[in-house]
Amino acid sequence: MKRSQFIRKSLLATGTIAGGTWTAMAGSSRQEGKPFTLNYGPHQGLFEHHAGKNIIDEIQFAYDRGFRSIEDNGFSSRPVVEQERIGATLAKLGMAMGVFVLDKGGNGANTLAAGKPEHVDIFLKGCRQAVELAKRSGGKFTTVVPGDFERRLPMDIQTANVIEALRRGAEILEPHGIVMVLEPLSDTPDLFLRTSSQTYLICKGVNSPSCKILYDVYHMQRNEGDLLANIDRCWDEIAYFQVGDNPGRKEPTTGEINYRNLFRHIYNKGYRGVVGMEHGKSTAGREGEEKLIAAYREVDDFLG
């Protein structure tokens, strides 16, 4: 036997060629562009080392790697022509727009808890703008953060003020099928909306299909934990999920949250909406982007 044939047979026997590494690499390549089981939505910047800084190119790159939606928190601040290009690109690729943030002046600003007419007017202006943004993007979800506590008022009065303002916003959005998703946050204890149960109560008070919960797993792990049980308790008012691992707010597999179990749980409960990738990357550069995609492939493998 020639030495080259002997080496090849030895490599085949150990699985280094065809039966092993090559096959695994081919399988990885086939997996690369396959749509994920859940519909994960990246935001601009997560893939800029592969796709560049143009959001249209980044959308195309995300599609080629199996993603079928995006998020764009800052969509309202983009020029109209760019908004329209994003919407047209998503439509062409059959992708969805996840949330964009309703423009009310910042997370803590113009708080609806205070009951001040001027704050409510700013919020309602943002609702009317969201109708136009939804038309351009094809999206149906807009993130609302009610603002900071108004600590001079009793908590129940603040809650009533928030419900009243959100009812007025829902009147604008509901005819267009747009859903404002309320996001409890962990960024600062000054923010009025903090827990899933508090948000659930407010959604029940507003009593509109256009006012639901954005359950950001990262924030809820920090503020309350007991993730699966709290998701179950609030399930009928949850319309949207965002993710990020804790600590660090980086991609799944970098922290303490068992995302494979969580994704299996919400999938089995029937969730098929966008899962927003509301986080950064644990590793810089192209390597970090590949690591991020691999992490999602890992936690998305929950059906077997």
# chains A, B, ... in the order shown; residues from 1 in each chain; ligands from 1
$ closest_atom_pairs --of "region 168-257 of chain A" --to "region 131-137 of chain A" --cutoff "12 Å" --atoms "only C-alpha atoms" --output "CSV"
residue,atom,partner,partner_atom,distance
A:Gly169,CA,A:Val131,CA,11.1
A:Ala170,CA,A:Val131,CA,11.4
A:Glu171,CA,A:Val131,CA,11.8
A:Ile172,CA,A:Val131,CA,8.3
A:Leu173,CA,A:Val131,CA,6.8
A:Glu174,CA,A:Val131,CA,9.9
A:Pro175,CA,A:Val131,CA,9.7
A:His176,CA,A:Val131,CA,7.1
A:Gly177,CA,A:Val131,CA,9.3
A:Ile178,CA,A:Val131,CA,7.4
A:Val179,CA,A:Val131,CA,10.2
A:Met180,CA,A:Val131,CA,10.9
$ select_by_dssp --residues "region 105-158 of chain A" --states "strand (DSSP E)" --output "list in words"
Phe141, Thr142, Thr143 and Val144 of chain A
$ closest_residue --among "A:Val275, A:Gly225, A:Arg168, A:Ala114" --to "Met97 (chain A)" --atoms "only C-alpha atoms"
A:Val275
$ atom_distance --atom1 "CA of Gln31 (chain A)" --atom2 "CA of Tyr296 (chain A)"
11.7 Å
$ closest_atom_pairs --of "region 208-282 of chain A" --to "region 75-96 of chain A" --cutoff "12 Å" --atoms "only C-alpha atoms" --output "JSON lines"
{"residue": "A:Arg272", "atom": "CA", "partner": "A:Ala96", "partner_atom": "CA", "distance": 11.9}
{"residue": "A:Gly273", "atom": "CA", "partner": "A:Ala96", "partner_atom": "CA", "distance": 9.3}
{"residue": "A:Val274", "atom": "CA", "partner": "A:Ala96", "partner_atom": "CA", "distance": 7.8}
{"residue": "A:Val275", "atom": "CA", "partner": "A:Ala96", "partner_atom": "CA", "distance": 11.0}
{"residue": "A:Gly276", "atom": "CA", "partner": "A:Ala96", "partner_atom": "CA", "distance": 11.2}
$ residues_around --residues "region 51-55 of chain A" --least-positions-apart "2" --cutoff "12 Å" --atoms "only C-alpha atoms" --output "number ranges by chain"
A: 42-49, 57-65, 70-72, 75, 78, 82-83, 85-87, 89-90, 285-286, 289
$ atom_distance --atom1 "CA of Arg260 (chain A)" --atom2 "CA of Leu185 (chain A)"
22.8 Å
$ residues_around --residues "Gln221 (chain A)" --least-positions-apart "3" --cutoff "10 Å" --atoms "only C-alpha atoms" --output "number ranges by chain"
A: 186, 216-218, 224-227, 244-247, 256-257
$ write_last_selection --atoms "N, CA and C atoms" --output "short mmCIF file (atom, residue, chain, number, x, y, z; two decimals), in the first residue's frame"
data_model
loop_
_atom_site.label_atom_id
_atom_site.label_comp_id
_atom_site.auth_asym_id
_atom_site.auth_seq_id
_atom_site.Cartn_x
_atom_site.Cartn_y
_atom_site.Cartn_z
N SER A 186 -34.60 47.51 34.77
CA SER A 186 -33.75 47.43 35.96
C SER A 186 -32.64 48.47 35.95
N ASP A 216 -38.59 41.56 29.07
CA ASP A 216 -37.15 41.51 28.81
C ASP A 216 -36.52 40.62 29.87
N VAL A 217 -36.04 39.46 29.46
CA VAL A 217 -35.57 38.45 30.40
C VAL A 217 -34.40 38.96 31.23
N TYR A 218 -33.52 39.73 30.63
CA TYR A 218 -32.38 40.29 31.36
C TYR A 218 -32.86 41.16 32.52
N GLU A 224 -36.53 40.48 39.58
CA GLU A 224 -37.44 39.58 40.29
C GLU A 224 -37.08 38.10 40.21
N GLY A 225 -36.34 37.66 39.19
CA GLY A 225 -36.02 36.24 39.06
C GLY A 225 -37.27 35.40 38.85
N ASP A 226 -37.17 34.10 39.21
CA ASP A 226 -38.30 33.17 39.10
C ASP A 226 -38.93 33.29 37.71
N LEU A 227 -38.10 33.21 36.69
CA LEU A 227 -38.50 33.62 35.34
C LEU A 227 -39.66 32.83 34.78
N GLY A 244 -31.05 38.89 26.94
CA GLY A 244 -29.68 39.26 27.21
C GLY A 244 -29.29 38.52 28.47
N ASP A 245 -28.08 38.01 28.53
CA ASP A 245 -27.71 37.21 29.70
C ASP A 245 -27.27 38.12 30.85
N ASN A 246 -27.30 37.55 32.05
CA ASN A 246 -26.96 38.30 33.25
C ASN A 246 -25.94 37.50 34.07
N PRO A 247 -24.88 38.14 34.57
CA PRO A 247 -24.56 39.57 34.46
C PRO A 247 -23.91 39.92 33.12
N GLU A 256 -25.85 33.54 33.71
CA GLU A 256 -26.50 32.57 34.58
C GLU A 256 -27.85 32.06 34.08
N ILE A 257 -28.40 32.65 33.04
CA ILE A 257 -29.75 32.30 32.60
C ILE A 257 -29.70 31.09 31.67
#
$ closest_residue --among "A:Ala284, A:Leu38, A:Ile157, A:Ile238" --to "Leu303 (chain A)" --atoms "only C-alpha atoms"
A:Leu38
$ closest_residue --among "A:Lys116, A:His219, A:Arg194, A:Arg264" --to "Asp301 (chain A)" --atoms "only C-alpha atoms"
A:Arg264
